>>> print(open('protein_2.cif').read())   # mmCIF, C-alpha atoms and all ligand atoms
data_query
#
loop_
_atom_site.label_atom_id
_atom_site.label_comp_id
_atom_site.auth_asym_id
_atom_site.auth_seq_id
_atom_site.Cartn_x
_atom_site.Cartn_y
_atom_site.Cartn_z
CA MET V 1 -11.95 9.64 1.49
CA LYS V 2 -9.69 7.05 3.08
CA LEU V 3 -7.66 4.62 1.01
CA LEU V 4 -7.75 0.88 1.62
CA VAL V 5 -4.96 -0.91 -0.22
CA ALA V 6 -5.18 -4.68 -0.67
CA ASN V 7 -1.73 -6.12 -1.29
CA TRP V 8 -2.18 -9.70 -2.50
CA LYS V 9 1.59 -10.24 -2.77
CA MET V 10 2.32 -13.62 -4.47
CA ASN V 11 -0.53 -15.47 -2.77
CA PHE V 12 -2.94 -16.08 -5.66
CA SER V 13 -2.80 -17.74 -9.05
CA PRO V 14 -4.26 -15.61 -11.88
CA GLN V 15 -7.37 -17.85 -11.76
CA GLU V 16 -7.80 -17.18 -8.04
CA GLU V 17 -7.41 -13.45 -8.61
CA LYS V 18 -10.17 -13.54 -11.24
CA LEU V 19 -12.47 -15.42 -8.88
CA TRP V 20 -11.78 -12.97 -6.06
CA ILE V 21 -12.81 -9.94 -8.09
CA GLN V 22 -15.86 -11.71 -9.54
CA ASN V 23 -17.04 -12.65 -6.04
CA TYR V 24 -16.27 -9.24 -4.60
CA ILE V 25 -18.24 -7.42 -7.27
CA LYS V 26 -21.21 -9.84 -7.14
CA GLU V 27 -22.87 -8.43 -4.03
CA SER V 28 -22.42 -4.79 -4.87
CA PHE V 29 -22.21 -2.21 -2.11
CA THR V 30 -20.98 1.35 -1.97
CA PRO V 31 -18.00 1.71 0.35
CA SER V 32 -17.13 4.97 2.03
CA CYS V 33 -13.48 4.58 1.08
CA ILE V 34 -11.40 4.05 -2.06
CA VAL V 35 -10.29 0.45 -2.49
CA VAL V 36 -6.99 -0.10 -4.30
CA LEU V 37 -6.41 -3.69 -5.38
CA CYS V 38 -2.80 -4.72 -5.94
CA PRO V 39 -2.85 -8.14 -7.62
CA SER V 40 0.03 -9.85 -9.40
CA ASN V 41 1.27 -8.06 -12.52
CA ILE V 42 -0.20 -10.88 -14.63
CA SER V 43 -3.75 -10.03 -13.53
CA LEU V 44 -3.58 -6.24 -13.54
CA GLU V 45 -5.06 -5.80 -16.99
CA TYR V 46 -7.81 -8.40 -16.51
CA ILE V 47 -8.91 -6.86 -13.21
CA TYR V 48 -8.79 -3.34 -14.60
CA ASN V 49 -11.01 -4.32 -17.56
CA TYR V 50 -13.38 -6.31 -15.37
CA ILE V 51 -13.95 -3.36 -13.05
CA LYS V 52 -14.30 -0.97 -15.97
CA ASN V 53 -16.96 -3.16 -17.58
CA LYS V 54 -18.88 -3.34 -14.30
CA GLN V 55 -18.56 0.46 -13.99
CA ASN V 56 -17.33 0.12 -10.44
CA SER V 57 -15.56 3.39 -9.76
CA SER V 58 -14.85 2.75 -6.06
CA ILE V 59 -12.12 0.26 -6.97
CA LYS V 60 -8.77 1.37 -8.33
CA ILE V 61 -5.85 -0.72 -9.47
CA GLY V 62 -2.33 -0.62 -8.09
CA ALA V 63 0.87 -2.51 -8.75
CA GLN V 64 3.08 -4.05 -6.07
CA GLY V 65 6.17 -2.29 -7.37
CA CYS V 66 7.86 -0.62 -10.32
CA SER V 67 11.33 -0.14 -11.72
CA GLU V 68 13.60 2.77 -10.94
CA TYR V 69 14.25 2.97 -14.71
CA THR V 70 12.11 4.21 -17.60
CA SER V 71 12.94 1.34 -19.98
CA GLY V 72 15.84 -0.73 -21.26
CA PRO V 73 17.78 -3.88 -20.41
CA HIS V 74 16.39 -4.52 -16.91
CA THR V 75 15.31 -8.16 -16.80
CA ASN V 76 12.29 -8.92 -14.62
CA GLN V 77 11.46 -5.30 -13.94
CA ILE V 78 8.40 -3.32 -15.00
CA ALA V 79 8.33 0.35 -15.88
CA ALA V 80 5.85 2.63 -14.14
CA ARG V 81 4.69 4.04 -17.47
CA PHE V 82 3.79 0.52 -18.69
CA LEU V 83 1.70 0.02 -15.54
CA ALA V 84 -0.08 3.28 -16.24
CA GLN V 85 -0.84 2.11 -19.79
CA ILE V 86 -2.79 -0.90 -18.50
CA GLY V 87 -4.94 1.05 -16.07
CA CYS V 88 -2.92 1.28 -12.86
CA GLU V 89 -3.33 4.43 -10.84
CA TYR V 90 -1.24 3.52 -7.80
CA VAL V 91 1.99 1.66 -7.12
CA ILE V 92 3.52 0.42 -3.87
CA VAL V 93 7.23 1.20 -3.58
CA GLY V 94 9.69 0.14 -0.92
CA HIS V 95 7.61 -2.68 0.56
CA SER V 96 9.90 -4.31 3.11
CA GLU V 97 9.53 -7.78 1.55
CA GLU V 98 10.90 -6.49 -1.77
CA LYS V 99 13.36 -4.17 -0.10
CA ILE V 100 14.92 -7.01 1.90
CA SER V 101 14.89 -9.69 -0.80
CA ARG V 102 16.38 -7.34 -3.43
CA ASN V 103 18.52 -5.43 -0.96
CA LEU V 104 17.09 -2.07 -2.08
CA SER V 105 18.26 1.20 -0.59
CA TYR V 106 15.98 4.17 -0.01
CA ALA V 107 17.87 5.95 -2.80
CA VAL V 108 16.53 3.30 -5.20
CA ILE V 109 13.07 3.48 -3.65
CA ALA V 110 13.12 7.26 -4.12
CA ARG V 111 13.90 6.75 -7.83
CA GLN V 112 11.03 4.25 -8.11
CA ALA V 113 8.67 6.80 -6.55
CA HIS V 114 9.99 9.41 -8.97
CA GLN V 115 9.32 7.09 -11.93
CA ALA V 116 5.80 6.51 -10.63
CA LEU V 117 5.11 10.25 -10.51
CA GLN V 118 6.58 10.75 -13.98
CA ALA V 119 4.06 8.17 -15.23
CA SER V 120 1.20 9.92 -13.37
CA LEU V 121 0.88 7.05 -10.89
CA ILE V 122 0.40 7.76 -7.20
CA PRO V 123 3.24 6.10 -5.25
CA ILE V 124 2.50 4.47 -1.92
CA ILE V 125 5.90 4.69 -0.28
CA CYS V 126 6.54 2.22 2.55
CA ILE V 127 8.69 3.03 5.54
CA GLY V 128 9.18 1.07 8.73
CA GLU V 129 11.53 0.05 11.51
CA SER V 130 12.70 -3.42 12.57
CA LEU V 131 11.93 -4.89 15.98
CA GLU V 132 15.52 -4.36 17.08
CA GLU V 133 15.38 -0.71 16.04
CA LYS V 134 12.11 -0.27 17.92
CA GLN V 135 13.55 -1.90 21.04
CA ASN V 136 16.52 0.46 20.86
CA ASN V 137 14.20 3.48 20.64
CA LEU V 138 15.39 4.26 17.13
CA THR V 139 11.98 4.27 15.41
CA GLN V 140 11.74 7.98 14.66
CA GLU V 141 15.39 8.26 13.66
CA ILE V 142 15.04 5.35 11.21
CA LEU V 143 11.74 6.58 9.75
CA GLY V 144 13.07 10.13 9.52
CA ASN V 145 16.14 9.00 7.54
CA GLN V 146 14.06 6.82 5.20
CA LEU V 147 11.61 9.65 4.58
CA LYS V 148 14.21 12.35 4.06
CA THR V 149 15.97 10.27 1.38
CA VAL V 150 12.69 9.86 -0.48
CA LEU V 151 11.38 13.38 0.00
CA LYS V 152 14.47 15.12 -1.32
CA ASN V 153 13.86 13.39 -4.67
CA LEU V 154 10.19 14.35 -4.95
CA PRO V 155 8.72 17.72 -5.90
CA SER V 156 6.87 19.32 -2.98
CA THR V 157 3.70 19.43 -5.09
CA ALA V 158 3.76 15.65 -5.71
CA THR V 159 0.80 13.47 -4.72
CA PHE V 160 1.88 10.42 -2.75
CA TYR V 161 1.06 8.34 0.30
CA ILE V 162 3.44 7.24 3.03
CA ALA V 163 2.62 3.81 4.44
CA TYR V 164 3.99 3.27 7.93
CA GLU V 165 4.64 -0.46 8.05
CA PRO V 166 6.69 -1.62 11.05
CA LEU V 167 8.62 -4.66 9.83
CA TRP V 168 7.80 -6.59 12.99
CA ALA V 169 4.05 -6.12 12.43
CA ILE V 170 3.88 -7.39 8.84
CA GLY V 171 2.31 -10.84 8.70
CA SER V 172 3.10 -11.43 12.37
CA GLY V 173 -0.24 -10.78 14.07
CA LYS V 174 1.55 -8.17 16.22
CA ASN V 175 0.39 -4.56 16.17
CA PRO V 176 1.50 -1.24 17.54
CA THR V 177 -1.05 0.39 19.84
CA PRO V 178 -3.32 3.07 18.36
CA GLU V 179 -1.38 5.63 20.44
CA GLU V 180 1.93 4.50 18.94
CA ILE V 181 0.50 4.70 15.41
CA GLN V 182 -0.94 8.13 16.10
CA GLU V 183 2.40 9.43 17.33
CA ILE V 184 4.23 8.10 14.27
CA ALA V 185 1.56 9.39 11.87
CA HIS V 186 1.93 12.80 13.46
CA PHE V 187 5.70 12.64 13.08
CA ILE V 188 5.39 11.70 9.38
CA MET V 189 2.87 14.48 8.74
CA GLU V 190 5.27 17.02 10.20
CA LEU V 191 8.01 15.90 7.82
CA THR V 192 5.86 15.62 4.69
CA LYS V 193 3.53 18.54 5.45
CA LYS V 194 0.77 16.33 4.04
CA HIS V 195 -2.14 14.37 5.47
CA THR V 196 -1.40 11.17 3.58
CA VAL V 197 -0.24 8.56 6.11
CA LEU V 198 -1.40 4.96 5.80
CA TYR V 199 -0.80 2.22 8.34
CA GLY V 200 -0.02 -1.41 7.40
CA GLY V 201 0.91 -4.51 9.38
CA SER V 202 -1.45 -7.27 10.57
CA VAL V 203 -4.58 -5.14 10.16
CA THR V 204 -7.68 -7.28 10.70
CA LYS V 205 -11.42 -6.77 10.92
CA GLU V 206 -10.91 -6.76 14.70
CA THR V 207 -8.24 -4.03 14.82
CA ILE V 208 -9.56 -1.79 12.04
CA LYS V 209 -12.29 -0.28 14.20
CA HIS V 210 -9.84 1.32 16.64
CA TYR V 211 -7.40 2.29 13.92
CA SER V 212 -10.15 3.96 11.90
CA GLU V 213 -10.58 6.44 14.71
CA ILE V 214 -7.02 7.74 14.35
CA SER V 215 -7.67 11.01 12.56
CA GLU V 216 -4.04 11.32 11.43
CA LEU V 217 -4.43 8.22 9.23
CA LYS V 218 -5.67 8.44 5.66
CA GLY V 219 -6.04 4.70 5.23
CA PHE V 220 -4.55 1.22 5.47
CA LEU V 221 -2.44 -1.31 3.64
CA ILE V 222 -3.72 -4.83 4.11
CA GLY V 223 -2.01 -8.11 3.26
CA ASN V 224 -3.36 -11.34 4.75
CA ALA V 225 -6.79 -10.00 5.66
CA SER V 226 -7.41 -8.97 2.05
CA LEU V 227 -7.10 -12.51 0.68
CA ASP V 228 -10.53 -13.65 1.83
CA PHE V 229 -12.95 -11.36 -0.05
CA GLN V 230 -15.61 -11.67 2.69
CA LYS V 231 -13.17 -10.63 5.42
CA PHE V 232 -11.93 -7.81 3.25
CA LYS V 233 -15.46 -6.62 2.55
CA LYS V 234 -16.07 -6.51 6.28
CA ILE V 235 -12.96 -4.37 6.74
CA VAL V 236 -14.04 -2.07 3.92
CA SER V 237 -17.42 -1.62 5.56
CA LEU V 238 -15.77 -0.66 8.88
CA VAL V 239 -13.55 2.08 7.47
CA THR V 240 -15.15 5.45 7.97
P1 LIG U 1 -0.20 -8.07 6.55
O1 LIG U 1 0.66 -7.38 5.39
O2 LIG U 1 -1.52 -7.33 6.60
O3 LIG U 1 -0.34 -9.48 6.13
O4 LIG U 1 0.57 -7.90 7.81
C1 LIG U 1 0.70 -5.99 5.29
C2 LIG U 1 1.70 -5.60 4.23
O5 LIG U 1 2.64 -6.35 3.97
O6 LIG U 1 1.57 -4.53 3.64
#
>>> encode(input="protein_2.cif", output="structure tokens")
Amino acid sequence: MKLLVANWKMNFSPQEEKLWIQNYIKESFTPSCIVVLCPSNISLEYIYNYIKNKQNSSIKIGAQGCSEYTSGPHTNQIAARFLAQIGCEYVIVGHSEEKISRNLSYAVIARQAHQALQASLIPIICIGESLEEKQNNLTQEILGNQLKTVLKNLPSTATFYIAYEPLWAIGSGKNPTPEEIQEIAHFIMELTKKHTVLYGGSVTKETIKHYSEISELKGFLIGNASLDFQKFKKIVSLVT
């Protein structure tokens, strides 16, 4: 089954997050993919309990990030094992917005992914190139270096996803072509020896149809288009 990850970032208040899930669950339907909701940390527990009470097993909960540490004096960080305790099953690591604003290296991101695995969470590890790197034909070199740093810290038996998120496509309305995504997904699969590549960056209900046909992809990471629950539902229904 494909994975559809909704990354709400810092767009909603806790009240808006509650309303979203209540509305989404109201008209029940059975999707043919796994939906992973990544709300703010404040709402994780509420959303987990709400879904559990409604016995909706097609929705899983993910966090938008976790610490590279297990515990201790790390102000404003959250340990992967604490996320697991409140019902999270997935965690995004290395999202470019966090990576840039906190100046994180892939060595740190690798440790975050390691912490996630230690806590039995499934890390969704983001990699991606900038527009300048793409224009200089450096995409595969950049992605390869990011991936190798992460992979050397993870056991080969680990369960994880790699989200290919070109920096220039996130929130910009610009997309790579399906052929470009397919080529990159193939490249990532060769390095990871796994069929676990997601694509993220300005995915909409218009583009998802073509992207869904890329057999190398195991799913999608969706920001803006996940904020409107109706639009998101439409996307969910189009993922096969
Ligand atoms: P976007 O965000 O869909 O708004 O481009 C994707 C992401 O940041 O993962």
>>> closest_residue(input="protein_2.cif", among="V:Asn224, V:Thr157, V:Asn56, V:Ser43", to="ligand LIG 1 (chain U)", atoms="all atoms listed in the file")
V:Asn224
>>> closest_atom_pairs(input="protein_2.cif", of="chain V", to="ligand LIG 1 (chain U)", cutoff="12 Å", atoms="all atoms listed in the file", output="JSON lines")
{"residue": "V:Leu4", "atom": "CA", "partner": "U:LIG1", "partner_atom": "O6", "distance": 11.0}
{"residue": "V:Val5", "atom": "CA", "partner": "U:LIG1", "partner_atom": "O6", "distance": 8.4}
{"residue": "V:Ala6", "atom": "CA", "partner": "U:LIG1", "partner_atom": "O6", "distance": 8.0}
{"residue": "V:Asn7", "atom": "CA", "partner": "U:LIG1", "partner_atom": "O6", "distance": 6.1}
{"residue": "V:Trp8", "atom": "CA", "partner": "U:LIG1", "partner_atom": "O1", "distance": 8.7}
{"residue": "V:Lys9", "atom": "CA", "partner": "U:LIG1", "partner_atom": "O5", "distance": 7.9}
{"residue": "V:Met10", "atom": "CA", "partner": "U:LIG1", "partner_atom": "O5", "distance": 11.1}
{"residue": "V:Asn11", "atom": "CA", "partner": "U:LIG1", "partner_atom": "O3", "distance": 10.7}
{"residue": "V:Cys38", "atom": "CA", "partner": "U:LIG1", "partner_atom": "O6", "distance": 10.5}
{"residue": "V:Gln64", "atom": "CA", "partner": "U:LIG1", "partner_atom": "O6", "distance": 9.8}
{"residue": "V:Ile92", "atom": "CA", "partner": "U:LIG1", "partner_atom": "O6", "distance": 9.2}
{"residue": "V:Val93", "atom": "CA", "partner": "U:LIG1", "partner_atom": "O6", "distance": 10.8}
{"residue": "V:Gly94", "atom": "CA", "partner": "U:LIG1", "partner_atom": "O6", "distance": 10.4}
{"residue": "V:His95", "atom": "CA", "partner": "U:LIG1", "partner_atom": "O6", "distance": 7.0}
{"residue": "V:Ser96", "atom": "CA", "partner": "U:LIG1", "partner_atom": "O5", "distance": 7.6}
{"residue": "V:Glu97", "atom": "CA", "partner": "U:LIG1", "partner_atom": "O5", "distance": 7.4}
{"residue": "V:Glu98", "atom": "CA", "partner": "U:LIG1", "partner_atom": "O5", "distance": 10.1}
{"residue": "V:Lys99", "atom": "CA", "partner": "U:LIG1", "partner_atom": "O5", "distance": 11.7}
{"residue": "V:Ile124", "atom": "CA", "partner": "U:LIG1", "partner_atom": "O6", "distance": 10.6}
{"residue": "V:Ile125", "atom": "CA", "partner": "U:LIG1", "partner_atom": "O6", "distance": 10.9}
{"residue": "V:Cys126", "atom": "CA", "partner": "U:LIG1", "partner_atom": "O6", "distance": 8.5}
{"residue": "V:Ile127", "atom": "CA", "partner": "U:LIG1", "partner_atom": "O6", "distance": 10.6}
{"residue": "V:Gly128", "atom": "CA", "partner": "U:LIG1", "partner_atom": "O6", "distance": 10.7}
{"residue": "V:Ile162", "atom": "CA", "partner": "U:LIG1", "partner_atom": "O6", "distance": 11.9}
{"residue": "V:Ala163", "atom": "CA", "partner": "U:LIG1", "partner_atom": "O6", "distance": 8.4}
{"residue": "V:Tyr164", "atom": "CA", "partner": "U:LIG1", "partner_atom": "O6", "distance": 9.2}
{"residue": "V:Glu165", "atom": "CA", "partner": "U:LIG1", "partner_atom": "O6", "distance": 6.7}
{"residue": "V:Pro166", "atom": "CA", "partner": "U:LIG1", "partner_atom": "C2", "distance": 9.3}
{"residue": "V:Leu167", "atom": "CA", "partner": "U:LIG1", "partner_atom": "O5", "distance": 8.5}
{"residue": "V:Trp168", "atom": "CA", "partner": "U:LIG1", "partner_atom": "O4", "distance": 9.0}
{"residue": "V:Ala169", "atom": "CA", "partner": "U:LIG1", "partner_atom": "O4", "distance": 6.1}
{"residue": "V:Ile170", "atom": "CA", "partner": "U:LIG1", "partner_atom": "O4", "distance": 3.5}
{"residue": "V:Gly171", "atom": "CA", "partner": "U:LIG1", "partner_atom": "O4", "distance": 3.5}
{"residue": "V:Ser172", "atom": "CA", "partner": "U:LIG1", "partner_atom": "O4", "distance": 6.3}
{"residue": "V:Gly173", "atom": "CA", "partner": "U:LIG1", "partner_atom": "O4", "distance": 6.9}
{"residue": "V:Lys174", "atom": "CA", "partner": "U:LIG1", "partner_atom": "O4", "distance": 8.5}
{"residue": "V:Asn175", "atom": "CA", "partner": "U:LIG1", "partner_atom": "O4", "distance": 9.0}
{"residue": "V:Pro176", "atom": "CA", "partner": "U:LIG1", "partner_atom": "O4", "distance": 11.8}
{"residue": "V:Leu198", "atom": "CA", "partner": "U:LIG1", "partner_atom": "O6", "distance": 10.2}
{"residue": "V:Tyr199", "atom": "CA", "partner": "U:LIG1", "partner_atom": "O6", "distance": 8.6}
{"residue": "V:Gly200", "atom": "CA", "partner": "U:LIG1", "partner_atom": "C1", "distance": 5.1}
{"residue": "V:Gly201", "atom": "CA", "partner": "U:LIG1", "partner_atom": "O4", "distance": 3.8}
{"residue": "V:Ser202", "atom": "CA", "partner": "U:LIG1", "partner_atom": "O4", "distance": 3.5}
{"residue": "V:Val203", "atom": "CA", "partner": "U:LIG1", "partner_atom": "O2", "distance": 5.2}
{"residue": "V:Thr204", "atom": "CA", "partner": "U:LIG1", "partner_atom": "O2", "distance": 7.4}
{"residue": "V:Lys205", "atom": "CA", "partner": "U:LIG1", "partner_atom": "O2", "distance": 10.8}
{"residue": "V:Thr207", "atom": "CA", "partner": "U:LIG1", "partner_atom": "O2", "distance": 11.1}
{"residue": "V:Ile208", "atom": "CA", "partner": "U:LIG1", "partner_atom": "O2", "distance": 11.2}
{"residue": "V:Phe220", "atom": "CA", "partner": "U:LIG1", "partner_atom": "O6", "distance": 8.6}
{"residue": "V:Leu221", "atom": "CA", "partner": "U:LIG1", "partner_atom": "O6", "distance": 5.1}
{"residue": "V:Ile222", "atom": "CA", "partner": "U:LIG1", "partner_atom": "O2", "distance": 4.2}
{"residue": "V:Gly223", "atom": "CA", "partner": "U:LIG1", "partner_atom": "O2", "distance": 3.5}
{"residue": "V:Asn224", "atom": "CA", "partner": "U:LIG1", "partner_atom": "O3", "distance": 3.8}
{"residue": "V:Ala225", "atom": "CA", "partner": "U:LIG1", "partner_atom": "O2", "distance": 6.0}
{"residue": "V:Ser226", "atom": "CA", "partner": "U:LIG1", "partner_atom": "O2", "distance": 7.6}
{"residue": "V:Leu227", "atom": "CA", "partner": "U:LIG1", "partner_atom": "O3", "distance": 9.2}
{"residue": "V:Asp228", "atom": "CA", "partner": "U:LIG1", "partner_atom": "O3", "distance": 11.8}
{"residue": "V:Phe232", "atom": "CA", "partner": "U:LIG1", "partner_atom": "O2", "distance": 10.9}
{"residue": "V:Ile235", "atom": "CA", "partner": "U:LIG1", "partner_atom": "O2", "distance": 11.8}
>>> write_last_selection(input="protein_2.cif", atoms="C-alpha atoms", output="compact mmCIF listing (two decimals), in the frame of the given file")
# COMPACT_ATOMS: atom_id res chain seq x y z
CA LEU V 4 -7.75 0.88 1.62
CA VAL V 5 -4.96 -0.91 -0.22
CA ALA V 6 -5.18 -4.68 -0.67
CA ASN V 7 -1.73 -6.12 -1.29
CA TRP V 8 -2.18 -9.70 -2.50
CA LYS V 9 1.59 -10.24 -2.77
CA MET V 10 2.32 -13.62 -4.47
CA ASN V 11 -0.53 -15.47 -2.77
CA CYS V 38 -2.80 -4.72 -5.94
CA GLN V 64 3.08 -4.05 -6.07
CA ILE V 92 3.52 0.42 -3.87
CA VAL V 93 7.23 1.20 -3.58
CA GLY V 94 9.69 0.14 -0.92
CA HIS V 95 7.61 -2.68 0.56
CA SER V 96 9.90 -4.31 3.11
CA GLU V 97 9.53 -7.78 1.55
CA GLU V 98 10.90 -6.49 -1.77
CA LYS V 99 13.36 -4.17 -0.10
CA ILE V 124 2.50 4.47 -1.92
CA ILE V 125 5.90 4.69 -0.28
CA CYS V 126 6.54 2.22 2.55
CA ILE V 127 8.69 3.03 5.54
CA GLY V 128 9.18 1.07 8.73
CA ILE V 162 3.44 7.24 3.03
CA ALA V 163 2.62 3.81 4.44
CA TYR V 164 3.99 3.27 7.93
CA GLU V 165 4.64 -0.46 8.05
CA PRO V 166 6.69 -1.62 11.05
CA LEU V 167 8.62 -4.66 9.83
CA TRP V 168 7.80 -6.59 12.99
CA ALA V 169 4.05 -6.12 12.43
CA ILE V 170 3.88 -7.39 8.84
CA GLY V 171 2.31 -10.84 8.70
CA SER V 172 3.10 -11.43 12.37
CA GLY V 173 -0.24 -10.78 14.07
CA LYS V 174 1.55 -8.17 16.22
CA ASN V 175 0.39 -4.56 16.17
CA PRO V 176 1.50 -1.24 17.54
CA LEU V 198 -1.40 4.96 5.80
CA TYR V 199 -0.80 2.22 8.34
CA GLY V 200 -0.02 -1.41 7.40
CA GLY V 201 0.91 -4.51 9.38
CA SER V 202 -1.45 -7.27 10.57
CA VAL V 203 -4.58 -5.14 10.16
CA THR V 204 -7.68 -7.28 10.70
CA LYS V 205 -11.42 -6.77 10.92
CA THR V 207 -8.24 -4.03 14.82
CA ILE V 208 -9.56 -1.79 12.04
CA PHE V 220 -4.55 1.22 5.47
CA LEU V 221 -2.44 -1.31 3.64
CA ILE V 222 -3.72 -4.83 4.11
CA GLY V 223 -2.01 -8.11 3.26
CA ASN V 224 -3.36 -11.34 4.75
CA ALA V 225 -6.79 -10.00 5.66
CA SER V 226 -7.41 -8.97 2.05
CA LEU V 227 -7.10 -12.51 0.68
CA ASP V 228 -10.53 -13.65 1.83
CA PHE V 232 -11.93 -7.81 3.25
CA ILE V 235 -12.96 -4.37 6.74
>>> atom_distance(input="protein_2.cif", atom1="atom CA of V:Lys231", atom2="atom CA of V:Lys2")
18.2 Å
>>> closest_residue(input="protein_2.cif", among="V:Ala158, V:Cys33, V:Ile78, V:Leu143", to="V:Gln118", atoms="all atoms listed in the file")
V:Ala158
>>> closest_residue(input="protein_2.cif", among="V:Leu131, V:Cys88, V:Leu151, V:Ile184", to="V:Ala107", atoms="all atoms listed in the file")
V:Leu151
>>> atom_distance(input="protein_2.cif", atom1="atom CA of V:Gly62", atom2="atom CA of V:Val91")
5.0 Å
>>> atom_distance(input="protein_2.cif", atom1="atom CA of V:Thr75", atom2="atom CA of V:His114")
20.0 Å
>>> residues_around(input="protein_2.cif", residues="V:Asn153", least_positions_apart="2", cutoff="8 Å", atoms="only C-alpha atoms", output="list in words")
Ala110, Arg111, His114, Thr149, Val150, Leu151 and Pro155 of chain V
>>> closest_residue(input="protein_2.cif", among="V:Phe29, V:Trp20, V:Tyr161, V:Phe82", to="V:Ile47", atoms="all atoms listed in the file")
V:Trp20
>>> axis_aligned_box(input="protein_2.cif", around="stretch 1-7 of chain V", padding_each_side="4 Å", output="AutoDock Vina command-line options")
--center_x -6.8 --center_y 1.8 --center_z 0.9 --size_x 18.2 --size_y 23.8 --size_z 12.4
>>> residues_near_point(input="protein_2.cif", point="(-10.2, -4.8, -16.0)", cutoff="12 Å", atoms="all atoms listed in the file", output="NGL selection string")
:V and (17-18 or 21-22 or 37 or 39 or 42-57 or 59-62 or 86-88)
>>> write_last_selection(input="protein_2.cif", atoms="C-alpha atoms", output="CSV table (one decimal), in the frame of the given file")
chain,number,residue,atom,x,y,z
V,17,GLU,CA,-7.4,-13.4,-8.6
V,18,LYS,CA,-10.2,-13.5,-11.2
V,21,ILE,CA,-12.8,-9.9,-8.1
V,22,GLN,CA,-15.9,-11.7,-9.5
V,37,LEU,CA,-6.4,-3.7,-5.4
V,39,PRO,CA,-2.8,-8.1,-7.6
V,42,ILE,CA,-0.2,-10.9,-14.6
V,43,SER,CA,-3.8,-10.0,-13.5
V,44,LEU,CA,-3.6,-6.2,-13.5
V,45,GLU,CA,-5.1,-5.8,-17.0
V,46,TYR,CA,-7.8,-8.4,-16.5
V,47,ILE,CA,-8.9,-6.9,-13.2
V,48,TYR,CA,-8.8,-3.3,-14.6
V,49,ASN,CA,-11.0,-4.3,-17.6
V,50,TYR,CA,-13.4,-6.3,-15.4
V,51,ILE,CA,-14.0,-3.4,-13.0
V,52,LYS,CA,-14.3,-1.0,-16.0
V,53,ASN,CA,-17.0,-3.2,-17.6
V,54,LYS,CA,-18.9,-3.3,-14.3
V,55,GLN,CA,-18.6,0.5,-14.0
V,56,ASN,CA,-17.3,0.1,-10.4
V,57,SER,CA,-15.6,3.4,-9.8
V,59,ILE,CA,-12.1,0.3,-7.0
V,60,LYS,CA,-8.8,1.4,-8.3
V,61,ILE,CA,-5.8,-0.7,-9.5
V,62,GLY,CA,-2.3,-0.6,-8.1
V,86,ILE,CA,-2.8,-0.9,-18.5
V,87,GLY,CA,-4.9,1.0,-16.1
V,88,CYS,CA,-2.9,1.3,-12.9
>>> residues_around(input="protein_2.cif", residues="stretch 209-216 of chain V", least_positions_apart="4", cutoff="8 Å", atoms="only C-alpha atoms", output="NGL selection string")
:V and (178 or 182 or 185-186 or 195 or 197 or 205 or 238-240)
